[in-house]
Amino acid sequence: MRPDDVAEAFPCGPDVAAHVEAVRPFVDAGFTHVALVQVGGDTQPEFLRFAADELLPALREEYGKSDDARIAVR
């Protein structure tokens, strides 16, 4: 698999709207949880900041917040 194949199949980069929309089919199918995975250890700190500051708030705004006590949502 080439990097371009991955980029075409999954949202990559800082476009919050693309990530939010990529989750929609799973929400529509009834999923209550999704896993967000960042690949590449050299950019992990940047991804975690992006997720905390932009991505997770946008996902919560669009789809709501989990009330599951097993999940620590900050």
# chains A, B, ... in the order shown; residues from 1 in each chain; ligands from 1

$ residues_around --residues "segment 47-61 of chain A" --least-positions-apart "6" --cutoff "7 Å" --atoms "only C-alpha atoms" --output "short mmCIF file (atom, residue, chain, number, x, y, z; two decimals) with all heavy atoms, in the first residue's frame"
data_model
loop_
_atom_site.label_atom_id
_atom_site.label_comp_id
_atom_site.auth_asym_id
_atom_site.auth_seq_id
_atom_site.Cartn_x
_atom_site.Cartn_y
_atom_site.Cartn_z
N VAL A 16 -10.32 19.45 10.00
CA VAL A 16 -11.25 18.95 11.02
C VAL A 16 -12.54 18.46 10.38
O VAL A 16 -13.06 17.40 10.74
CB VAL A 16 -11.52 20.04 12.08
CG1 VAL A 16 -12.60 19.59 13.05
CG2 VAL A 16 -10.24 20.37 12.84
N VAL A 20 -14.52 14.87 10.86
CA VAL A 20 -15.89 14.81 11.38
C VAL A 20 -16.79 14.06 10.40
O VAL A 20 -17.57 13.20 10.80
CB VAL A 20 -16.42 16.23 11.69
CG1 VAL A 20 -17.91 16.20 11.99
CG2 VAL A 20 -15.65 16.85 12.85
N GLN A 38 -3.45 7.96 15.25
CA GLN A 38 -2.44 8.74 14.55
C GLN A 38 -1.29 7.82 14.27
O GLN A 38 -0.86 7.06 15.14
CB GLN A 38 -2.01 9.93 15.44
CG GLN A 38 -1.03 10.86 14.80
CD GLN A 38 0.42 10.45 15.01
OE1 GLN A 38 0.75 9.69 15.90
NE2 GLN A 38 1.28 10.98 14.20
#

$ select_by_dssp --residues "segment 17-59 of chain A" --states "alpha helix (DSSP H)" --output "list in words"
Ala17, Ala18, His19, Val20, Glu21, Ala22, Val23, Arg24, Pro25, Phe26, Val27, Asp28, Gln44, Pro45, Glu46, Phe47, Leu48, Arg49, Phe50, Leu56, Pro57, Ala58 and Leu59 of chain A

$ closest_residue --among "A:Arg24, A:His19, A:Pro3, A:Gly64" --to "Leu36 of chain A" --atoms "only C-alpha atoms"
A:His19

$ closest_residue --among "A:Lys65, A:Gly40, A:Glu8, A:Arg2" --to "Ala22 of chain A" --atoms "only C-alpha atoms"
A:Glu8

$ atom_distance --atom1 "atom CA of Ala17 of chain A" --atom2 "atom CA of Asp5 of chain A"
20.2 Å

$ residues_around --residues "Val39 of chain A" --least-positions-apart "6" --cutoff "12 Å" --atoms "only C-alpha atoms" --output "PyMOL selection string"
chain A and resi 3+6-7+10+12-13+45-48
